[in-house]
Structure formats: C-alpha cells, structure tokens
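Read the structure below first, then the notes.
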Amino acid sequence: MAKVRKLDEATIALIAAGEVVEGPWSVVKELTENSLDAGAGRVDVSVDGGGFKEIKVTDDGCGMGEEDLALAFERYATSKVAGPEDLDAVATLGFRGEALPAIAAVSRVTVYTRAEDEPTGLKAEVAAGTVAVSREGAPPGTTVIVRDLFYNVPVRRKFAGRPASEWRRAAEAFKRLALARLAPAFSLTKDRRLQYTTSADATARQRVGEVLGWELLDQLIPVAAQRGDFSLEAYLSPASASYGTTGNIYTVVNGRPARAKPVFKGVMSAYDGRLERGRYPLVVLYLDVPAEAVDVNVHPRKEEVRFADGAAAFEFVSRALREELARVGVVVPSTTFEMPSRKAPSGSPEVTAAIRESVQGYLKRHGLWPEGMFGGVGSGEVKAEAAAAPAGVAVAERSPDGGSVEVLGQLDNTYVIVRRGGDLVVVDQHTAHERVIYDRLARAAGDAGRQELLMPVTVSLGAAAAADLRPCLQALNDLGFGVEEFGGDAFVLRGHPNDVRVGDVEKFLARVVTDFVEEGRPAELERRRESVLKGVACHGAVKAGERLEHAEMAALVRDLFASPSPDVCPHGRPTMVNLAARDLARLFRR
Ligand SMILES: Nc1ncnc2c1ncn2[C@@H]1O[C@H](COP(=O)(O)OP(=O)(O)OP(=O)(O)O)[C@@H](O)[C@H]1O
Ligand SMILES: [Mg+2]
C-alpha cells in the first residue's frame with residue numbers, strides 16, 4: 001500500500017536546490033544579482049575549475065548584520081519583499097529568498113560581510129544545513145565563496161558539463177548582468193586570470209563595447225524609441241550578419257536580464273524578410289516600462305518576465321526596430337567615393353570604359369576572367385553590351401543616392417555586373433529578382449497588374465499537396481493570381497501577377513505549397529500571406545543560368561536599388577556584393 005510521507009528538511013532543500021541551481025552559471029548569476037541588489041558600485045566575480053572548484057563574488061554593497069546573515073540561509077528569507085503587494089512591482093533582481101539556501105544545500109559556502117554601520121565584519125561558514133557565524137575583520141560589503149559545487153549530489157556533478165563548457169555558460173550569465181546594469185564596475189576572472197573589466201556609470205553603448213567588443217559595436221545599428229511610458233534603446237546587427245542561435249539576443253527589461261516572448265517575437269518580426277529561416281540577429285535591447293506592466297514572478301530561475309499587455313510590447317519593439325532597419329537598409333553601403341557623375345556626364349563612355357578596363361585587366365592578370373563574361377557567348381572577349389547600347393542613353397539609371405548606375409553585362413548567366421558611381425556591384429539575378437517581386441507584390445496588395453493566360457492551365461496535384469494548397473488560395477488571389485479549385489485535386493490557373501515567372505504551373509504551385517508546409521502551415525491570415533508571398537517571390541523569380549536581355553537587367557537593377565531592403569532577399573540571402581571604389585583602389589595598391 002502506498003504511504004504518503006512528509007519529506008524531511010534536508011531532502012526538501014535538495015529538491016528546491018535542483019530548481020534554482022542548474023550549474024555553476026546559476027551560482028554566478030544568483031550571487032551577482034545579490035551584489036547588485038545590495039547596491040554595489042563594484043562587483044568582482046571569479047570562477048575556478050569551471051565553477052565546480054570555486055566561485056567567488058565580492059561587492060562593496062550594503063553588507064549584512066548578524067541577524068541578516070543567519071537568516072539569509074533560511075529558505076524564503078528575504079529582505080526584498082515583505083508581502084504580496086510588493087510582488088506587483090519588484091525592483092530588485094531577487095525576491096524569493098531561495099538562492100543562498102539552495103546554493104548552500106549543494107556546496108560549501110563561506111561568507112565575509114560587513115554592514116555599512118558595523119565596526120567589524122562577520123564570517124559565516126555554511127555546510128550541510130548548519131551555519132557557523134564568527135566575528136572577523138572584513139571590508140564593507142560582502143564576499144561569498146562557493147566551493148565544491150554538487151559535492152553531495154554526485155549525480156548532478158556527473159550530468160553537468162565539462163569545466164570548459166560550464167565556464168562558458170557562467171561567463172555568459174555574467175555577461176547578461178554586466179550588460180543589464182550600467183552603474184557598477186564589473187570584473188570577471190577565470191582560474192585567477194582577469195578576463196575583462198568594465199567601467200562604472202557606463203552608457204549602454206559603452207557597456208556593449210566593453211562586454212561584447214568594440215569591433216562588434218562598430219557594426220551595430222543603434223536605435224532609440226519612445227512611445228507613451230514605453231522606451232527602448234537597442235543595438236542591432238545588420239541583416240548581413242546573422243547567427244545560428246538565439247543566444248546573441250540580449251533583452252533587458254527594466255534593468256533585469258530576462259526573456260519575454262512578445263519582446264523576442266517583436267525582435268524577430270523586425271527582421272522578418274531580412275534573415276534566412278533559422279538565422280537570428282545579435283541584439284542588445286534595453287526596454288523600460290512601468291513596473292506594473294511586467295510580472296517578474298513567473299519563472300523558477302527568474303529568467304523570464306511576462307507582460308500584462310504582450311501585444312503592446314510586441315508592437316512597440318517590432319515597429320521601432322523595423323523602422324530603423326528599413327531606414328538603414330536604404331543607405332547604400334560604401335558611398336565614400338566621389339561620384340564620377342559630378343566630373344563627367346553620368347555614365348559617360350570614358351568613365352565606363354576606364355572602369356571596365358581596369359577591372360577586366362585586374363581579373364585577367366589574376367586568371368579570374370572567365371570565358372563568356374559580359375554577355376557570355378564563349379568568345380572570351382568582352383562582348384561590350386554596354387557599349388553596343390550607347391552608355392548614358394538607354395542603360396544609365398539613377399540610383400536613389402543620386403549616383404549613376406549602369407549595367408555592364410551578365411556573368412555566367414547568373415550575375416549582373418553593374419557600375420554604381422565608382423563602385424563595381426555584382427548582383428545575383430535570382431535573389432535580386434526575388435526581392436523586387438516581394439516588394440512589388442507586398443506594396444501593391446493585388447494591384448500589381450495581372451497577366452491573363454490565353455489558355456487557362458489545369459493541373460492536378462496529389463491529395464496532400466491539394467489539401468495544403470487550399471488554405472493558400474485566398475492569399476494567392478489577393479496577390480494577383482487567378483487560381484481556383486477545379487474539382488477533386490485539380491486547380492486551374494487563369495492568370496498571374498506581371499513579372500512573376502510561373503513556368504511549369506504544377507511545379508510552381510507545388511513549390512509554393514512546400515514552402516508553406518515548411519513554415520508550419522501558419523493558420524493566422526497575416527503569416528499565411530507572408531509565407532505565400534515569399535514562396536511566390538522565390539519561385540517566380542528569374543533563376544540562375546537564364547540569359548537576360550539588357551533591358552531586363554537594367555529594369556531589375558533599377559528596381560532593386562529602389563527597394564527599402566536592397567541587400568537581402570526575403571529569405572535573407574545577399575542580393576549583391578559591392579566592390580567599392582576604395583576597395584578597388586586598395587586592390588591595385590593605388
Ligand atoms: N551580497 C549581498 N549583500 C547584502 N545582502 C545580501 C547579499 N547576498 C544576500 N544578501 C541578503 O540575503 C538575503 C537572501 O538572499 P537570496 O539570494 O537567498 O534571496 P533573495 O535575493 O532575497 O531572493 P532570490 O532567491 O530571488 O534571489 C537577501 O534578501 C539579502 O538580504
Ligand atoms: Mg538573491
């Protein structure tokens with residue numbers, strides 16, 4: 001017969017510790033949080049042997065008196081929350097009174113502390129549930145030393161990672177706090193070697209540079225926004241740099257390093273259409289909202305917060321970041337070169353010829369000049385298309401930044417070679433066309449102009465594909481397609497938006513459906529539209545290997561440069577490579 005028993009204190013403590021102390025990183029996080037809550041102006045953290053040997057955190061905060069010290073190691077003992085009403089607006093990082101007892105349940109802890117108004121310090125040694133306090137000289141503030149983590153729970157030790165990987169996680173936990181709190185000076189030491197220090201009273205920008213590296217900071221796009229009592233400051237990686245994990249998204253809500261679903265979604269939605277599927281940006285985001293707008297008491301390790309109005313938080317973050325990314329997206333990179341159009345008539349034959357010759361000469365000398373470049377009929381000679389259609393007449397276009405743009409030719413039936421001002425730009429015709437179609441259809445909302453088929457095409461898809469196509473029909477027709485069910489698993493296509501190359505109708509529809517399925521068959525109308533739109537842009541775009549007429553290339557390049565996000569296709573692949581005039585000069589050691 002089953003027998004229900006009350007657990008003894010020691011077992012309860014161990015179970016609770018399992019929740020709070022996942023590994024050395026949790027200890028680093030909890031002790032650093034306590035130092036910050038104590039109002040420290042400096043926090044020094046050191047980690048030895050991956051944190052299993054020793055973790056030591058020293059601060060110059062308020063310290064503890066004798067009573068506090070004894071209580072600190074009891075469960076649910078905290079100085080930070082007095083009653084339920086305090087939980088509605090917690091300003092400190094800690095509020096449960098769980099961390100120190102949990103850590104002490106699975107390690108050997110020594111504390112040195114001295115409260116501001118005390119003449120002498122105290123020492124506490126805590127092991128196996130007993131606290132021994134004695135008087136001891138100590139500077140104002142607190143030092144907590146945690147040794148032999150998991151010594152009494154060998155299973156936990158066995159399943160923990162190796163010291164090297166545990167160290168990385170601990171350093172990451174530290175980094176999140178150092179990014180979140182700008183006032184204190186921090187330092188991090190590993191196996192007695194100082195890793196880095198930060199300055200006190202830093203600006204967000206400064207702290208991002210100190211913690212993530214100044215070189216990286218140079219690449220990041222700063223954003224600041226405010227609406228009502230919501231405000232944010234953020235540093236964003238450009239769409240051209242992305243990562244395979246979400247680990248570089250640092251969100252700080254009211255000074256608390258914490259995840260929040262609407263904030264994460266807001267960030268990702270700002271990058272929508274700019275990053276490939278499964279790729280993530282690097283973002284440091286400081287979000288400040290009224291304390292009562294967030295609930296911090298929703299996660300056992302305080303890693304997550306919940307918003308009272310998630311939609312408002314999502315909206316705010318998404319809009320602010322998206323606007324800035326779009327704005328930066330129009331700035332054509334590398335515009336430091338003085339546009340030759342100012343000295344010579346735009347796209348003048350001399351300028352064109354000079355650039356073409358120098359590039360061609362360089363490529364030839366380095367054996368990089370492929371057969372069939374610029375026109376690709378295999379002669380190995382330049383089939384000077386740009387010259388054949390007189391430069392500056394039919395082919396010169398103006399880019400949005402005022403520099404002249406000229407199509408020089410097609411390489412390998414895949415890339416369009418363009419002169420833009422003094423820069424040489426290699427455009428990927430497929431991804432570029434994808435971007436152009438995407439922008440046009442998204443903007444036109446069904447009015448992009450439709451090409452009716454003389455003979456409607458009827459196709460029969462398999463039952464599964466047909467079932468997946470049905471929910472996409474509305475979105476397709478909204479985009480300017482004319483596609484209907486034709487009984488059974490058959491569909492008929494009567495027309496499609498101008499500029500979309502449908503080709504083999506059956507294959508085209510099947511591919512759009514496959515993308516839709518891969519996106520997880522979104523049910524929400526907006527996301528379904530987005531998926532179908534991306535699919536149409538991708539599968540309706542010119543492919544690599546197709547020969548393009550000069551006028552087609554000129555139109556493609558003109559439309560691409562007019563896009564608000566010309567650098568990447570809707571899946572995030574690059575559309576062009578820019579060889580700036582100054583890069584060319586460098587190559588030629590000018
Ligand atoms: N470095 C420190 N300086 C001063 N007081 C401290 C320090 N560390 C802990 N304390 C005191 O010990 C108490 C218990 O700390 P503990 O981390 O266990 O709980 P908490 O911070 O209140 O809540 P949480 O479990 O959410 O972290 C704190 O409320 C605080 O009063
Ligand atoms: Mg705490």
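Quick note on naming: the chains in the structure tokens go A, B, ... in the order shown, residues restart at 1 in each chain, and ligands are numbered from 1 in order of appearance.
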Which residues come within 12 Å of Lys56 in chain A, counting only C-alpha atoms, excluding same-chain residues fewer than 2 positions away, as a PyMOL selection string? chain A and resi 24+27-32+35+43-49+51-54+58-59+108-112+142-148+187-192
Just the selected residues (N, CA and C atoms), exported as a compact mmCIF listing (two decimals), in the first residue's frame, please.
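Once written, result36.txt looks like this:
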# COMPACT_ATOMS: atom_id res chain seq x y z
N PRO A 24 27.07 25.74 -12.36
CA PRO A 24 27.87 26.88 -11.90
C PRO A 24 27.33 28.22 -12.39
N VAL A 27 24.98 29.80 -10.01
CA VAL A 27 25.60 30.37 -8.81
C VAL A 27 26.14 31.76 -9.14
N VAL A 28 26.84 31.86 -10.27
CA VAL A 28 27.37 33.16 -10.69
C VAL A 28 26.23 34.16 -10.82
N LYS A 29 25.15 33.73 -11.43
CA LYS A 29 24.01 34.62 -11.65
C LYS A 29 23.41 35.06 -10.33
N GLU A 30 23.12 34.11 -9.44
CA GLU A 30 22.43 34.46 -8.19
C GLU A 30 23.30 35.35 -7.30
N LEU A 31 24.60 35.01 -7.19
CA LEU A 31 25.46 35.81 -6.30
C LEU A 31 25.65 37.22 -6.86
N THR A 32 25.81 37.31 -8.18
CA THR A 32 25.97 38.64 -8.79
C THR A 32 24.70 39.45 -8.61
N SER A 35 24.61 40.90 -5.18
CA SER A 35 25.51 42.05 -5.05
C SER A 35 24.87 43.29 -5.65
N VAL A 43 31.47 44.93 -8.60
CA VAL A 43 31.22 43.52 -8.41
C VAL A 43 32.33 42.75 -9.11
N ASP A 44 33.08 41.97 -8.33
CA ASP A 44 34.17 41.19 -8.91
C ASP A 44 33.84 39.71 -8.82
N VAL A 45 33.83 39.05 -9.95
CA VAL A 45 33.44 37.64 -9.99
C VAL A 45 34.63 36.82 -10.43
N SER A 46 34.91 35.72 -9.71
CA SER A 46 35.95 34.83 -10.21
C SER A 46 35.45 33.39 -10.19
N VAL A 47 35.84 32.66 -11.21
CA VAL A 47 35.37 31.30 -11.42
C VAL A 47 36.58 30.39 -11.62
N ASP A 48 36.70 29.37 -10.77
CA ASP A 48 37.82 28.43 -10.89
C ASP A 48 37.32 27.04 -11.22
N GLY A 49 38.07 26.37 -12.08
CA GLY A 49 37.73 24.98 -12.41
C GLY A 49 36.31 24.84 -12.93
N GLY A 51 33.91 26.46 -12.23
CA GLY A 51 32.93 26.84 -11.22
C GLY A 51 32.67 25.71 -10.23
N PHE A 52 33.19 24.52 -10.50
CA PHE A 52 32.99 23.40 -9.57
C PHE A 52 33.95 23.53 -8.39
N LYS A 53 35.14 24.07 -8.68
CA LYS A 53 36.13 24.20 -7.63
C LYS A 53 35.76 25.38 -6.74
N GLU A 54 35.64 26.55 -7.35
CA GLU A 54 35.31 27.72 -6.54
C GLU A 54 34.70 28.84 -7.38
N THR A 58 32.62 39.23 -4.98
CA THR A 58 32.90 40.27 -3.98
C THR A 58 32.21 41.57 -4.37
N ASP A 59 31.55 42.21 -3.40
CA ASP A 59 30.94 43.50 -3.72
C ASP A 59 31.21 44.51 -2.61
N ARG A 108 29.81 24.03 -0.38
CA ARG A 108 30.31 24.57 0.89
C ARG A 108 30.47 26.08 0.69
N VAL A 109 29.76 26.84 1.55
CA VAL A 109 29.73 28.29 1.36
C VAL A 109 30.42 29.01 2.51
N THR A 110 31.22 30.01 2.16
CA THR A 110 31.80 30.89 3.18
C THR A 110 31.42 32.32 2.81
N VAL A 111 30.99 33.10 3.81
CA VAL A 111 30.62 34.48 3.56
C VAL A 111 31.42 35.39 4.47
N TYR A 112 31.99 36.44 3.91
CA TYR A 112 32.57 37.51 4.72
C TYR A 112 31.71 38.73 4.44
N THR A 142 30.34 42.56 0.85
CA THR A 142 30.17 41.13 1.04
C THR A 142 31.00 40.34 0.05
N THR A 143 31.58 39.25 0.55
CA THR A 143 32.23 38.29 -0.34
C THR A 143 31.60 36.93 -0.09
N VAL A 144 31.11 36.30 -1.12
CA VAL A 144 30.56 34.95 -0.97
C VAL A 144 31.44 34.00 -1.76
N ILE A 145 31.89 32.93 -1.08
CA ILE A 145 32.73 31.94 -1.76
C ILE A 145 32.00 30.60 -1.75
N VAL A 146 31.84 30.03 -2.92
CA VAL A 146 31.13 28.76 -3.06
C VAL A 146 32.13 27.72 -3.55
N ARG A 147 32.36 26.67 -2.74
CA ARG A 147 33.33 25.66 -3.14
C ARG A 147 32.66 24.30 -3.32
N ASP A 148 33.28 23.48 -4.11
CA ASP A 148 32.88 22.07 -4.28
C ASP A 148 31.41 21.91 -4.64
N SER A 187 34.13 43.02 -12.87
CA SER A 187 35.29 42.33 -13.44
C SER A 187 35.01 40.83 -13.41
N LEU A 188 35.60 40.13 -14.35
CA LEU A 188 35.43 38.68 -14.43
C LEU A 188 36.81 38.03 -14.52
N THR A 189 37.03 37.05 -13.62
CA THR A 189 38.33 36.37 -13.57
C THR A 189 38.11 34.87 -13.75
N LYS A 190 38.96 34.25 -14.54
CA LYS A 190 38.85 32.80 -14.75
C LYS A 190 40.16 32.15 -14.34
N ASP A 191 40.08 31.17 -13.46
CA ASP A 191 41.28 30.48 -12.99
C ASP A 191 42.40 31.47 -12.67
N ARG A 192 42.05 32.47 -11.90
CA ARG A 192 42.98 33.51 -11.42
C ARG A 192 43.43 34.47 -12.51
Could you list, as a list of chain:residue names, all the residues within 7 Å of ligand 2, counting only C-alpha atoms and all ligand atoms?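 Those residues are A:Glu30, A:Leu31, A:Glu33, A:Asn34, A:Leu93, A:Gly94, A:Phe95, A:Gly97, A:Glu98, A:Ala99, A:Leu100.
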Tell me, in Å to one decimal, how far CA of Glu324 in chain A is from CA of Val568 in chain A. 15.8 Å
So that I can check the secondary structure, give me every residue of range 26-167 of chain A assigned strand (DSSP E) by backbone DSSP, as a PyMOL selection string. chain A and resi 42-48+54-59+108-114+122-127+130-135+141-147
Which neighbours of Pro522 in chain A fall inside 12 Å, counting only C-alpha atoms, when residues of the same chain fewer than 4 positions from it are skipped, and could you give them as a PDB file with N, CA and C atoms, in the first residue's frame?
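Dumped everything to result.pdb:
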ATOM      1  N   ASP A 468      -3.003  21.129 -48.881  1.00  0.00           N
ATOM      2  CA  ASP A 468      -2.196  22.232 -48.383  1.00  0.00           C
ATOM      3  C   ASP A 468      -2.324  23.487 -49.250  1.00  0.00           C
ATOM      4  N   PRO A 471      -5.706  26.221 -48.324  1.00  0.00           N
ATOM      5  CA  PRO A 471      -5.644  27.403 -47.443  1.00  0.00           C
ATOM      6  C   PRO A 471      -4.814  28.556 -48.013  1.00  0.00           C
ATOM      7  N   CYS A 472      -4.082  28.302 -49.120  1.00  0.00           N
ATOM      8  CA  CYS A 472      -3.247  29.369 -49.692  1.00  0.00           C
ATOM      9  C   CYS A 472      -3.964  30.121 -50.808  1.00  0.00           C
ATOM     10  N   VAL A 513       3.490  25.519 -52.162  1.00  0.00           N
ATOM     11  CA  VAL A 513       2.875  24.720 -51.095  1.00  0.00           C
ATOM     12  C   VAL A 513       3.947  24.148 -50.165  1.00  0.00           C
ATOM     13  N   ASP A 515       6.863  25.355 -49.426  1.00  0.00           N
ATOM     14  CA  ASP A 515       7.334  26.416 -48.522  1.00  0.00           C
ATOM     15  C   ASP A 515       6.345  26.654 -47.390  1.00  0.00           C
ATOM     16  N   PHE A 516       5.080  26.661 -47.772  1.00  0.00           N
ATOM     17  CA  PHE A 516       4.010  26.889 -46.795  1.00  0.00           C
ATOM     18  C   PHE A 516       4.040  25.797 -45.727  1.00  0.00           C
ATOM     19  N   VAL A 517       4.234  24.561 -46.162  1.00  0.00           N
ATOM     20  CA  VAL A 517       4.282  23.443 -45.216  1.00  0.00           C
ATOM     21  C   VAL A 517       5.512  23.575 -44.316  1.00  0.00           C
ATOM     22  N   GLU A 518       6.648  23.957 -44.933  1.00  0.00           N
ATOM     23  CA  GLU A 518       7.879  24.092 -44.146  1.00  0.00           C
ATOM     24  C   GLU A 518       7.776  25.204 -43.108  1.00  0.00           C
ATOM     25  N   GLU A 526      -2.311  36.684 -41.639  1.00  0.00           N
ATOM     26  CA  GLU A 526      -1.175  37.551 -41.960  1.00  0.00           C
ATOM     27  C   GLU A 526       0.077  36.727 -42.248  1.00  0.00           C
ATOM     28  N   ARG A 527       0.318  35.718 -41.419  1.00  0.00           N
ATOM     29  CA  ARG A 527       1.522  34.892 -41.596  1.00  0.00           C
ATOM     30  C   ARG A 527       1.382  33.982 -42.802  1.00  0.00           C
ATOM     31  N   ARG A 528       0.153  33.581 -43.082  1.00  0.00           N
ATOM     32  CA  ARG A 528      -0.082  32.736 -44.250  1.00  0.00           C
ATOM     33  C   ARG A 528       0.236  33.538 -45.519  1.00  0.00           C
ATOM     34  N   ARG A 529      -0.236  34.785 -45.535  1.00  0.00           N
ATOM     35  CA  ARG A 529       0.055  35.679 -46.660  1.00  0.00           C
ATOM     36  C   ARG A 529       1.550  35.839 -46.866  1.00  0.00           C
ATOM     37  N   GLU A 530       2.248  36.058 -45.735  1.00  0.00           N
ATOM     38  CA  GLU A 530       3.696  36.276 -45.791  1.00  0.00           C
ATOM     39  C   GLU A 530       4.401  35.057 -46.380  1.00  0.00           C
ATOM     40  N   SER A 531       3.964  33.871 -45.931  1.00  0.00           N
ATOM     41  CA  SER A 531       4.581  32.639 -46.430  1.00  0.00           C
ATOM     42  C   SER A 531       4.341  32.484 -47.926  1.00  0.00           C
ATOM     43  N   VAL A 532       3.116  32.712 -48.349  1.00  0.00           N
ATOM     44  CA  VAL A 532       2.777  32.558 -49.769  1.00  0.00           C
ATOM     45  C   VAL A 532       3.529  33.613 -50.595  1.00  0.00           C
TER      46      VAL A 532
END
Enumerate the residues of range 121-264 of chain A with a DSSP assignment of helix (DSSP H, G or I), computed from the backbone, and present them as a PyMOL selection string. chain A and resi 154-159+163-180+204-212+214-219+261-264
Could those selected residues go to a file with N, CA and C atoms, as a CSV table (one decimal), in the first residue's frame?
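Okay, this is what ended up in selection16.csv:
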chain,number,residue,atom,x,y,z
A,154,PRO,N,26.4,13.6,-6.3
A,154,PRO,CA,27.3,13.1,-7.4
A,154,PRO,C,26.5,13.0,-8.7
A,155,VAL,N,25.2,12.7,-8.7
A,155,VAL,CA,24.5,12.6,-9.9
A,155,VAL,C,24.5,13.9,-10.7
A,156,ARG,N,24.3,15.0,-10.0
A,156,ARG,CA,24.3,16.3,-10.6
A,156,ARG,C,25.6,16.6,-11.2
A,157,ARG,N,26.7,16.3,-10.4
A,157,ARG,CA,28.0,16.6,-10.9
A,157,ARG,C,28.3,15.8,-12.2
A,158,LYS,N,27.8,14.6,-12.2
A,158,LYS,CA,28.1,13.7,-13.3
A,158,LYS,C,27.4,14.2,-14.6
A,159,PHE,N,26.2,14.8,-14.4
A,159,PHE,CA,25.4,15.2,-15.6
A,159,PHE,C,25.7,16.6,-16.0
A,163,PRO,N,34.2,21.3,-17.3
A,163,PRO,CA,34.6,22.7,-16.8
A,163,PRO,C,34.6,23.7,-18.0
A,164,ALA,N,35.2,23.4,-19.1
A,164,ALA,CA,35.3,24.4,-20.2
A,164,ALA,C,33.9,24.9,-20.6
A,165,SER,N,33.0,24.0,-20.8
A,165,SER,CA,31.6,24.4,-21.2
A,165,SER,C,30.9,25.1,-20.1
A,166,GLU,N,31.0,24.6,-18.9
A,166,GLU,CA,30.4,25.3,-17.7
A,166,GLU,C,30.9,26.7,-17.5
A,167,TRP,N,32.2,26.8,-17.8
A,167,TRP,CA,32.8,28.2,-17.7
A,167,TRP,C,32.1,29.1,-18.7
A,168,ARG,N,32.0,28.6,-19.9
A,168,ARG,CA,31.3,29.5,-20.9
A,168,ARG,C,29.9,29.9,-20.5
A,169,ARG,N,29.2,29.0,-20.0
A,169,ARG,CA,27.8,29.3,-19.6
A,169,ARG,C,27.9,30.3,-18.4
A,170,ALA,N,28.8,30.1,-17.5
A,170,ALA,CA,28.9,31.1,-16.4
A,170,ALA,C,29.3,32.5,-16.9
A,171,ALA,N,30.2,32.5,-17.8
A,171,ALA,CA,30.7,33.8,-18.3
A,171,ALA,C,29.5,34.5,-19.1
A,172,GLU,N,28.7,33.7,-19.7
A,172,GLU,CA,27.5,34.2,-20.4
A,172,GLU,C,26.5,34.8,-19.4
A,173,ALA,N,26.3,34.1,-18.3
A,173,ALA,CA,25.4,34.6,-17.3
A,173,ALA,C,25.9,35.9,-16.7
A,174,PHE,N,27.2,36.0,-16.5
A,174,PHE,CA,27.8,37.2,-16.0
A,174,PHE,C,27.6,38.3,-17.0
A,175,LYS,N,27.9,38.0,-18.3
A,175,LYS,CA,27.8,39.0,-19.4
A,175,LYS,C,26.4,39.6,-19.4
A,176,ARG,N,25.4,38.8,-19.2
A,176,ARG,CA,24.0,39.3,-19.3
A,176,ARG,C,23.7,40.3,-18.2
A,177,LEU,N,24.3,40.1,-17.0
A,177,LEU,CA,24.1,41.0,-15.9
A,177,LEU,C,24.9,42.3,-16.1
A,178,ALA,N,26.2,42.1,-16.6
A,178,ALA,CA,27.0,43.3,-16.9
A,178,ALA,C,26.4,44.2,-18.0
A,179,LEU,N,25.7,43.6,-18.9
A,179,LEU,CA,25.1,44.3,-19.9
A,179,LEU,C,23.8,45.1,-19.4
A,180,ALA,N,23.2,44.4,-18.4
A,180,ALA,CA,21.9,44.9,-17.9
A,180,ALA,C,22.1,46.1,-17.0
A,204,ALA,N,24.9,52.8,-22.3
A,204,ALA,CA,24.6,51.5,-22.8
A,204,ALA,C,25.6,51.2,-23.9
A,205,ARG,N,25.9,52.2,-24.7
A,205,ARG,CA,26.8,52.0,-25.9
A,205,ARG,C,28.2,51.5,-25.4
A,206,GLN,N,28.7,52.2,-24.3
A,206,GLN,CA,30.0,51.9,-23.8
A,206,GLN,C,30.0,50.5,-23.2
A,207,ARG,N,28.9,50.1,-22.5
A,207,ARG,CA,28.9,48.8,-21.9
A,207,ARG,C,28.9,47.7,-23.0
A,208,VAL,N,28.1,47.9,-24.0
A,208,VAL,CA,28.0,46.9,-25.1
A,208,VAL,C,29.4,46.8,-25.7
A,209,GLY,N,30.1,47.9,-25.9
A,209,GLY,CA,31.5,47.8,-26.4
A,209,GLY,C,32.4,47.0,-25.4
A,210,GLU,N,32.3,47.3,-24.1
A,210,GLU,CA,33.2,46.7,-23.2
A,210,GLU,C,32.9,45.2,-23.1
A,211,VAL,N,31.7,44.8,-23.1
A,211,VAL,CA,31.3,43.4,-22.9
A,211,VAL,C,31.3,42.6,-24.1
A,212,LEU,N,30.8,43.1,-25.2
A,212,LEU,CA,30.7,42.3,-26.5
A,212,LEU,C,31.9,42.7,-27.4
A,214,TRP,N,34.5,46.1,-29.0
A,214,TRP,CA,34.3,47.4,-29.7
A,214,TRP,C,34.2,47.2,-31.2
A,215,GLU,N,34.9,46.2,-31.7
A,215,GLU,CA,34.8,46.0,-33.1
A,215,GLU,C,33.4,45.6,-33.5
A,216,LEU,N,32.8,44.8,-32.7
A,216,LEU,CA,31.4,44.4,-33.0
A,216,LEU,C,30.5,45.6,-32.9
A,217,LEU,N,30.7,46.4,-31.8
A,217,LEU,CA,29.9,47.5,-31.6
A,217,LEU,C,29.8,48.4,-32.9
A,218,ASP,N,31.0,48.5,-33.5
A,218,ASP,CA,31.1,49.4,-34.7
A,218,ASP,C,30.1,48.9,-35.8
A,219,GLN,N,29.8,47.6,-35.8
A,219,GLN,CA,28.9,47.1,-36.9
A,219,GLN,C,27.4,47.3,-36.5
A,261,LYS,N,8.4,36.7,-24.2
A,261,LYS,CA,8.0,36.2,-25.5
A,261,LYS,C,7.7,37.4,-26.5
A,262,PRO,N,6.8,38.3,-26.0
A,262,PRO,CA,6.5,39.4,-27.0
A,262,PRO,C,7.7,40.2,-27.4
A,263,VAL,N,8.7,40.3,-26.6
A,263,VAL,CA,9.9,41.1,-26.9
A,263,VAL,C,10.7,40.3,-28.0
A,264,PHE,N,10.9,39.0,-27.7
A,264,PHE,CA,11.6,38.2,-28.7
A,264,PHE,C,10.9,38.2,-30.0
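Nearest to ligand 1 of all the residues A:Gly421, A:Gly487, A:Gly39, A:Gly545 is A:Gly39, counting only C-alpha atoms and all ligand atoms.
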When you count only C-alpha atoms and all ligand atoms, which of these residues is closest to ligand 1: A:Pro456, A:Gly65, A:Pro119, A:Pro139? A:Gly65
Given only C-alpha atoms and all ligand atoms as the basis, pick out the residue of A:Pro300, A:Pro257, A:Gly572, A:Pro222 nearest to ligand 1.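 The answer is A:Pro300, which sits nearest to ligand 1.
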Proximity to Leu408 in chain A - best of A:Asp86, A:Glu233, A:Glu549, A:Glu524, only C-alpha atoms: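 Closest to Leu408 in chain A of all the choices is A:Glu549.
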Val536 in chain A surroundings by only C-alpha atoms, 12 Å radius, close-in-sequence under 6 positions cut, as a ChimeraX atom specification: /A:433-442,472,475-477,479-481,496-497,499-503,505,507-516,529-530,542,570
Of A:Arg582, A:Thr197, A:Arg277, A:Thr431, the one nearest to Glu519 in chain A when counting only C-alpha atoms is A:Arg277
Test item: residues at most 10 Å from His571 in chain A, only C-alpha atoms, excluding those fewer than 2 positions along its chain, as number ranges by chain: A: 272-277, 279, 431, 434-435, 534-535, 537-538, 568-569, 573-574
Residues at most 12 Å from Leu282 in chain A, counting only C-alpha atoms, excluding those fewer than 5 positions away in the same chain, as a ChimeraX atom specification? /A:208,212,216-217,219-221,234-251,264,267-268,271,275
With distances taken over only C-alpha atoms and all ligand atoms, which residue among A:Lys265, A:Arg227, A:Arg135, A:Lys302 lies nearest ligand 1?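 Closest to ligand 1 of all the choices is A:Lys302.
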